[in-house]
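A short worksheet on the structure shown next.
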Amino acid sequence: MSKQNRVNRPSPLPAGIVELPVHRPPRVSDAIPDFLAQEVPVALVYNGISHVVMMASPKDLELFAVGFSLSEGIIEHPKEIYGMEVVQACNGLEVQIELSSRRFMGLKERRRALAGRTGCGVCGVEQLNDIGKPVSPLPFTQTFNLANLDRALEHLNDVQPIGQLSGCTHAAAWVLPSGEIIGGHEDVGRHVALDKLLGRRARESEVWQQGAALVSSRASYEMVQKAAMCGVEILFAVSAATTLAVEVAERCNLTLVGFCKPGRATVYTHPQRLIVDQ
């Protein structure tokens, strides 16, 4: 850890990070303190039945549960969750979720064995047909001036207190058409960070319906599908998109933009939502 980081050590440390000794050349015999992001198993338990275990940062887990439930089609509205509690389990954390009877019956009908999707959106899916759930085509109600994207990119780091200390998280933020970031979340898993954002957006005011999602990672098919399932019309990604992500975005009318850097972007699908100053 640099001298600057040691001087700027926050007190107390933000949730989801620990300080541990590390060794660095050339004096590998000397231990110095450094910050590491926590990664813990988090089980989502619906009406007493464990549905999925994800590796995640141990913060904002109620928002993660809401976002996951929406983006996976388990619920259509946060009001269909009647109660929620985060509890310590023997090897990690459980988010115990009480679903409405109708939604729980639907979940039981299509339960899948899912596990550890931090890096792979297909892990645990029992059948290939489960990939690419049908998504209703999105409307065309949003526009975004690409000249305002730079403002959001400059402040994406602001929603990553763990990432600033450890360099080990992904971020997902909500960007107004003006380029202002009004909120965001981080996690060691990019899918989880997006679910947290989607859960937050579902609970917030009408202001959060205007604008776009910005993620610090690549855009995989699952990131696109999660966004579309929650009504997000525009998804900006700092890194590249995959071919399947582009196919899904094209099919569900989502505007997908990758390689978002100051002064540049690559538009993959539905550019009609974007304004470019000449």
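Ligands are numbered from 1 in the order shown, chains are lettered A, B, ... in the order of the structure tokens, and residues start at 1 in each chain.
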
Within 12 Å of His191 of chain A, counting only C-alpha atoms, which residues show up once you throw out same-chain ones fewer than 6 positions away? Write them as number ranges by chain, please. A: 54-57, 64, 67-68, 71-72, 116-121, 169-172, 185, 197-198, 215-227

Okay, now the selection with N, CA, C and O atoms, as a compact mmCIF listing (two decimals), in the first residue's frame?
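After the write, selection27.txt holds the following:
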# COMPACT_ATOMS: atom_id res chain seq x y z
N MET A 54 -24.43 -16.72 -4.26
CA MET A 54 -23.56 -15.86 -5.06
C MET A 54 -22.36 -15.43 -4.21
O MET A 54 -22.50 -15.25 -2.99
N MET A 55 -21.24 -15.25 -4.84
CA MET A 55 -20.09 -14.65 -4.16
C MET A 55 -20.21 -13.14 -4.32
O MET A 55 -20.32 -12.63 -5.43
N ALA A 56 -20.21 -12.44 -3.18
CA ALA A 56 -20.52 -11.02 -3.23
C ALA A 56 -19.82 -10.27 -2.11
O ALA A 56 -19.29 -10.85 -1.16
N SER A 57 -19.85 -8.95 -2.22
CA SER A 57 -19.39 -8.08 -1.13
C SER A 57 -20.50 -8.00 -0.08
O SER A 57 -21.67 -7.85 -0.44
N PHE A 64 -29.46 -5.86 -3.31
CA PHE A 64 -29.08 -6.96 -4.20
C PHE A 64 -30.23 -7.95 -4.35
O PHE A 64 -30.57 -8.37 -5.47
N GLY A 67 -32.97 -6.40 -6.52
CA GLY A 67 -32.56 -6.33 -7.92
C GLY A 67 -32.48 -7.69 -8.58
O GLY A 67 -32.91 -7.86 -9.72
N PHE A 68 -31.92 -8.67 -7.87
CA PHE A 68 -31.84 -10.03 -8.42
C PHE A 68 -33.24 -10.57 -8.67
O PHE A 68 -33.50 -11.19 -9.72
N SER A 71 -34.56 -8.76 -11.79
CA SER A 71 -33.84 -9.03 -13.04
C SER A 71 -33.93 -10.49 -13.45
O SER A 71 -33.71 -10.82 -14.62
N GLU A 72 -34.25 -11.38 -12.52
CA GLU A 72 -34.44 -12.80 -12.84
C GLU A 72 -35.91 -13.15 -13.06
O GLU A 72 -36.25 -14.30 -13.30
N GLY A 116 -22.59 -19.44 -7.73
CA GLY A 116 -21.36 -18.70 -7.99
C GLY A 116 -21.25 -18.06 -9.34
O GLY A 116 -20.35 -18.39 -10.09
N ARG A 117 -22.14 -17.09 -9.66
CA ARG A 117 -22.08 -16.51 -10.98
C ARG A 117 -21.25 -15.23 -11.03
O ARG A 117 -21.47 -14.38 -11.87
N THR A 118 -20.27 -15.12 -10.14
CA THR A 118 -19.44 -13.93 -10.15
C THR A 118 -18.80 -13.71 -11.52
O THR A 118 -18.74 -12.62 -12.02
N GLY A 119 -18.33 -14.78 -12.17
CA GLY A 119 -17.63 -14.60 -13.42
C GLY A 119 -18.33 -15.16 -14.62
O GLY A 119 -18.01 -14.82 -15.74
N CYS A 120 -19.34 -16.02 -14.44
CA CYS A 120 -19.95 -16.70 -15.57
C CYS A 120 -21.45 -16.74 -15.40
O CYS A 120 -21.95 -17.29 -14.43
N GLY A 121 -22.17 -16.17 -16.34
CA GLY A 121 -23.61 -16.10 -16.22
C GLY A 121 -24.32 -17.40 -16.53
O GLY A 121 -25.53 -17.48 -16.42
N THR A 169 -13.20 -3.94 -7.07
CA THR A 169 -14.66 -4.01 -7.23
C THR A 169 -15.08 -3.50 -8.59
O THR A 169 -14.37 -2.76 -9.27
N HIS A 170 -16.28 -3.93 -8.98
CA HIS A 170 -16.99 -3.38 -10.14
C HIS A 170 -18.02 -2.39 -9.63
O HIS A 170 -18.49 -2.49 -8.49
N ALA A 171 -18.41 -1.46 -10.48
CA ALA A 171 -19.40 -0.47 -10.10
C ALA A 171 -20.53 -0.45 -11.11
O ALA A 171 -20.35 -0.75 -12.30
N ALA A 172 -21.72 -0.08 -10.62
CA ALA A 172 -22.87 0.18 -11.47
C ALA A 172 -23.54 1.44 -10.94
O ALA A 172 -23.81 1.54 -9.74
N HIS A 185 -23.59 1.53 -6.89
CA HIS A 185 -23.18 0.48 -5.96
C HIS A 185 -21.99 -0.26 -6.53
O HIS A 185 -21.76 -0.27 -7.74
N LEU A 197 -27.80 -1.98 -8.05
CA LEU A 197 -28.28 -0.74 -8.66
C LEU A 197 -29.74 -0.88 -9.08
O LEU A 197 -30.54 0.03 -8.85
N LEU A 198 -30.09 -2.00 -9.70
CA LEU A 198 -31.46 -2.20 -10.16
C LEU A 198 -32.43 -2.26 -8.99
O LEU A 198 -33.56 -1.77 -9.09
N VAL A 215 -21.88 0.83 -16.20
CA VAL A 215 -21.16 -0.20 -15.47
C VAL A 215 -19.68 -0.12 -15.81
O VAL A 215 -19.30 0.23 -16.92
N SER A 216 -18.85 -0.46 -14.83
CA SER A 216 -17.41 -0.34 -15.00
C SER A 216 -16.80 -1.55 -15.70
O SER A 216 -15.60 -1.58 -15.95
N SER A 217 -17.62 -2.54 -16.00
CA SER A 217 -17.12 -3.81 -16.54
C SER A 217 -17.45 -3.95 -18.02
O SER A 217 -17.93 -3.02 -18.66
N ARG A 218 -17.20 -5.14 -18.53
CA ARG A 218 -17.68 -5.46 -19.88
C ARG A 218 -19.19 -5.68 -19.83
O ARG A 218 -19.78 -5.85 -18.77
N ALA A 219 -19.81 -5.71 -21.00
CA ALA A 219 -21.24 -5.96 -21.10
C ALA A 219 -21.47 -7.37 -21.63
O ALA A 219 -21.33 -7.63 -22.82
N SER A 220 -21.79 -8.29 -20.74
CA SER A 220 -22.12 -9.65 -21.13
C SER A 220 -23.61 -9.73 -21.44
O SER A 220 -24.37 -8.79 -21.17
N TYR A 221 -24.04 -10.86 -21.98
CA TYR A 221 -25.46 -11.02 -22.29
C TYR A 221 -26.30 -10.87 -21.03
O TYR A 221 -27.41 -10.31 -21.05
N GLU A 222 -25.78 -11.36 -19.89
CA GLU A 222 -26.58 -11.33 -18.67
C GLU A 222 -26.73 -9.91 -18.15
O GLU A 222 -27.78 -9.54 -17.62
N MET A 223 -25.71 -9.09 -18.30
CA MET A 223 -25.82 -7.69 -17.89
C MET A 223 -26.89 -6.99 -18.71
O MET A 223 -27.71 -6.22 -18.19
N VAL A 224 -26.90 -7.25 -20.00
CA VAL A 224 -27.92 -6.66 -20.88
C VAL A 224 -29.30 -7.16 -20.50
O VAL A 224 -30.26 -6.38 -20.38
N GLN A 225 -29.41 -8.45 -20.29
CA GLN A 225 -30.72 -9.03 -19.99
C GLN A 225 -31.27 -8.54 -18.66
O GLN A 225 -32.46 -8.23 -18.52
N LYS A 226 -30.40 -8.45 -17.65
CA LYS A 226 -30.83 -7.93 -16.35
C LYS A 226 -31.34 -6.50 -16.48
O LYS A 226 -32.38 -6.14 -15.93
N ALA A 227 -30.59 -5.68 -17.20
CA ALA A 227 -31.01 -4.29 -17.39
C ALA A 227 -32.36 -4.21 -18.10
O ALA A 227 -33.25 -3.47 -17.68

Any chance you could list, as a count of residues only, the residues in segment 41-150 of chain A that come up helix (DSSP H, G or I) when DSSP is run on the backbone? 31

How far is it from atom CA of Asn47 of chain A to atom CA of Gln88 of chain A, in Å with one decimal?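 Atom CA of Gln88 of chain A lies at a distance of 16.9 Å from atom CA of Asn47 of chain A.
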
DSSP on the backbone: which residues in segment 39-234 of chain A end up as strand (DSSP E)? Give the answer as a VMD selection string. chain A and resid 40 to 46 49 to 56 81 to 88 93 to 99 114 to 115 144 to 145 170 to 175 181 to 187 212 to 215 234

Write a file of the just-selected residues containing N, CA and C atoms, as a short mmCIF file (atom, residue, chain, number, x, y, z; two decimals), in the first residue's frame.
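Output contents, as saved in part.cif:
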data_model
loop_
_atom_site.label_atom_id
_atom_site.label_comp_id
_atom_site.auth_asym_id
_atom_site.auth_seq_id
_atom_site.Cartn_x
_atom_site.Cartn_y
_atom_site.Cartn_z
N VAL A 40 -17.73 -13.00 0.09
CA VAL A 40 -18.37 -13.99 0.94
C VAL A 40 -19.52 -14.66 0.19
N PRO A 41 -19.84 -15.90 0.54
CA PRO A 41 -21.02 -16.54 -0.04
C PRO A 41 -22.29 -15.89 0.51
N VAL A 42 -23.19 -15.54 -0.38
CA VAL A 42 -24.47 -14.95 0.01
C VAL A 42 -25.58 -15.79 -0.59
N ALA A 43 -26.40 -16.38 0.27
CA ALA A 43 -27.52 -17.20 -0.19
C ALA A 43 -28.79 -16.38 -0.18
N LEU A 44 -29.54 -16.44 -1.28
CA LEU A 44 -30.87 -15.84 -1.32
C LEU A 44 -31.88 -16.95 -1.04
N VAL A 45 -32.60 -16.78 0.05
CA VAL A 45 -33.52 -17.81 0.55
C VAL A 45 -34.94 -17.26 0.44
N TYR A 46 -35.75 -17.89 -0.41
CA TYR A 46 -37.12 -17.45 -0.62
C TYR A 46 -38.08 -18.35 0.13
N ILE A 49 -36.62 -21.53 1.34
CA ILE A 49 -35.94 -22.42 0.40
C ILE A 49 -34.80 -21.65 -0.27
N SER A 50 -33.58 -22.18 -0.14
CA SER A 50 -32.42 -21.54 -0.75
C SER A 50 -32.48 -21.67 -2.27
N HIS A 51 -32.37 -20.54 -2.95
CA HIS A 51 -32.50 -20.55 -4.41
C HIS A 51 -31.16 -20.42 -5.12
N VAL A 52 -30.28 -19.58 -4.59
CA VAL A 52 -29.02 -19.33 -5.26
C VAL A 52 -27.99 -18.88 -4.23
N VAL A 53 -26.74 -19.22 -4.50
CA VAL A 53 -25.62 -18.73 -3.69
C VAL A 53 -24.69 -17.96 -4.62
N MET A 54 -24.43 -16.72 -4.26
CA MET A 54 -23.56 -15.86 -5.06
C MET A 54 -22.36 -15.43 -4.21
N MET A 55 -21.24 -15.25 -4.84
CA MET A 55 -20.09 -14.65 -4.16
C MET A 55 -20.21 -13.14 -4.32
N ALA A 56 -20.21 -12.44 -3.18
CA ALA A 56 -20.52 -11.02 -3.23
C ALA A 56 -19.82 -10.27 -2.11
N ILE A 81 -42.37 -8.50 -2.41
CA ILE A 81 -41.54 -8.98 -1.29
C ILE A 81 -42.16 -8.42 -0.02
N TYR A 82 -42.61 -9.30 0.85
CA TYR A 82 -43.32 -8.89 2.06
C TYR A 82 -42.38 -8.63 3.24
N GLY A 83 -41.20 -9.22 3.20
CA GLY A 83 -40.25 -9.04 4.29
C GLY A 83 -38.89 -9.53 3.88
N MET A 84 -37.85 -9.04 4.58
CA MET A 84 -36.49 -9.43 4.25
C MET A 84 -35.60 -9.24 5.47
N GLU A 85 -34.65 -10.17 5.63
CA GLU A 85 -33.70 -10.07 6.74
C GLU A 85 -32.38 -10.68 6.32
N VAL A 86 -31.29 -9.99 6.63
CA VAL A 86 -29.95 -10.51 6.37
C VAL A 86 -29.42 -11.11 7.66
N VAL A 87 -29.07 -12.40 7.61
CA VAL A 87 -28.62 -13.09 8.82
C VAL A 87 -27.30 -13.80 8.55
N GLN A 88 -26.54 -13.97 9.61
CA GLN A 88 -25.28 -14.71 9.52
C GLN A 88 -25.57 -16.20 9.43
N LEU A 93 -23.49 -15.52 4.53
CA LEU A 93 -24.67 -14.73 4.87
C LEU A 93 -25.88 -15.26 4.13
N GLU A 94 -27.04 -15.11 4.74
CA GLU A 94 -28.30 -15.43 4.08
C GLU A 94 -29.16 -14.19 4.03
N VAL A 95 -29.79 -13.98 2.87
CA VAL A 95 -30.84 -12.97 2.78
C VAL A 95 -32.15 -13.75 2.74
N GLN A 96 -32.89 -13.68 3.81
CA GLN A 96 -34.15 -14.41 3.94
C GLN A 96 -35.28 -13.53 3.45
N ILE A 97 -35.93 -13.96 2.37
CA ILE A 97 -36.91 -13.16 1.66
C ILE A 97 -38.28 -13.82 1.76
N GLU A 98 -39.27 -13.04 2.13
CA GLU A 98 -40.65 -13.54 2.17
C GLU A 98 -41.38 -13.04 0.93
N LEU A 99 -41.69 -13.98 0.03
CA LEU A 99 -42.39 -13.64 -1.21
C LEU A 99 -43.89 -13.79 -1.04
N LEU A 114 -28.55 -22.75 -9.29
CA LEU A 114 -27.58 -21.75 -9.69
C LEU A 114 -26.51 -21.64 -8.63
N ALA A 115 -25.28 -21.34 -9.03
CA ALA A 115 -24.22 -21.18 -8.03
C ALA A 115 -23.11 -20.32 -8.58
N PHE A 144 -30.23 10.35 -24.62
CA PHE A 144 -29.02 10.72 -23.86
C PHE A 144 -28.04 11.39 -24.80
N ASN A 145 -27.59 12.58 -24.40
CA ASN A 145 -26.57 13.29 -25.16
C ASN A 145 -25.20 12.74 -24.78
N HIS A 170 -16.28 -3.93 -8.98
CA HIS A 170 -16.99 -3.38 -10.14
C HIS A 170 -18.02 -2.39 -9.63
N ALA A 171 -18.41 -1.46 -10.48
CA ALA A 171 -19.40 -0.47 -10.10
C ALA A 171 -20.53 -0.45 -11.11
N ALA A 172 -21.72 -0.08 -10.62
CA ALA A 172 -22.87 0.18 -11.47
C ALA A 172 -23.54 1.44 -10.94
N ALA A 173 -23.77 2.42 -11.80
CA ALA A 173 -24.29 3.71 -11.37
C ALA A 173 -25.45 4.13 -12.26
N TRP A 174 -26.33 4.97 -11.68
CA TRP A 174 -27.43 5.51 -12.46
C TRP A 174 -27.09 6.95 -12.85
N VAL A 175 -27.20 7.23 -14.16
CA VAL A 175 -26.78 8.51 -14.72
C VAL A 175 -27.99 9.24 -15.28
N ILE A 181 -24.35 11.55 -11.85
CA ILE A 181 -24.58 10.26 -11.20
C ILE A 181 -25.34 10.51 -9.91
N ILE A 182 -26.55 9.95 -9.80
CA ILE A 182 -27.35 10.19 -8.59
C ILE A 182 -27.26 9.03 -7.60
N GLY A 183 -26.55 7.98 -7.95
CA GLY A 183 -26.37 6.87 -7.03
C GLY A 183 -25.70 5.71 -7.73
N GLY A 184 -25.09 4.84 -6.93
CA GLY A 184 -24.43 3.68 -7.51
C GLY A 184 -24.00 2.72 -6.44
N HIS A 185 -23.59 1.53 -6.89
CA HIS A 185 -23.18 0.48 -5.96
C HIS A 185 -21.99 -0.26 -6.53
N GLU A 186 -21.26 -0.92 -5.64
CA GLU A 186 -20.09 -1.68 -6.04
C GLU A 186 -20.17 -3.09 -5.48
N ASP A 187 -19.41 -3.98 -6.09
CA ASP A 187 -19.33 -5.35 -5.59
C ASP A 187 -18.16 -6.04 -6.27
N ALA A 212 -29.75 6.50 -17.72
CA ALA A 212 -29.09 5.28 -18.19
C ALA A 212 -28.29 4.64 -17.08
N ALA A 213 -27.97 3.37 -17.27
CA ALA A 213 -27.09 2.65 -16.35
C ALA A 213 -25.68 2.67 -16.92
N LEU A 214 -24.71 2.82 -16.03
CA LEU A 214 -23.29 2.82 -16.40
C LEU A 214 -22.57 1.79 -15.56
N VAL A 215 -21.88 0.83 -16.20
CA VAL A 215 -21.16 -0.20 -15.47
C VAL A 215 -19.68 -0.12 -15.81
N ILE A 234 -31.03 2.21 -21.77
CA ILE A 234 -29.68 2.54 -22.23
C ILE A 234 -28.67 1.98 -21.23
#

Hey, which of A:Arg203, A:Arg9, A:Lys108, A:Arg273 ends up closest to Thr143 of chain A? Count only C-alpha atoms.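 Residue with the minimum atom-to-atom distance to Thr143 of chain A: A:Arg273.
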
With distances taken over only C-alpha atoms, which residue among A:Asn91, A:Ser69, A:Asn148, A:Gln38 lies nearest Ile275 of chain A?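 Nearest candidate to Ile275 of chain A out of A:Asn91, A:Ser69, A:Asn148, A:Gln38: A:Asn148.
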
Find the residues around Leu70 of chain A up to 9 Å (only C-alpha atoms counted), leave out those fewer than 3 positions away in its own chain, and share them as a list in words. Ala65, Val66, Gly67, Gly73, Ile74, Ile75, Glu76, His77, Pro78, Asp195, Leu198, Gly199, Ala202, Lys226, Met229 and Cys230 of chain A

Selected residue of minimal separation from Pro33 of chain A among A:Val18, A:Val135, A:Val207, A:Val232, counting only C-alpha atoms: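 Closest residue, counting only C-alpha atoms: A:Val18.
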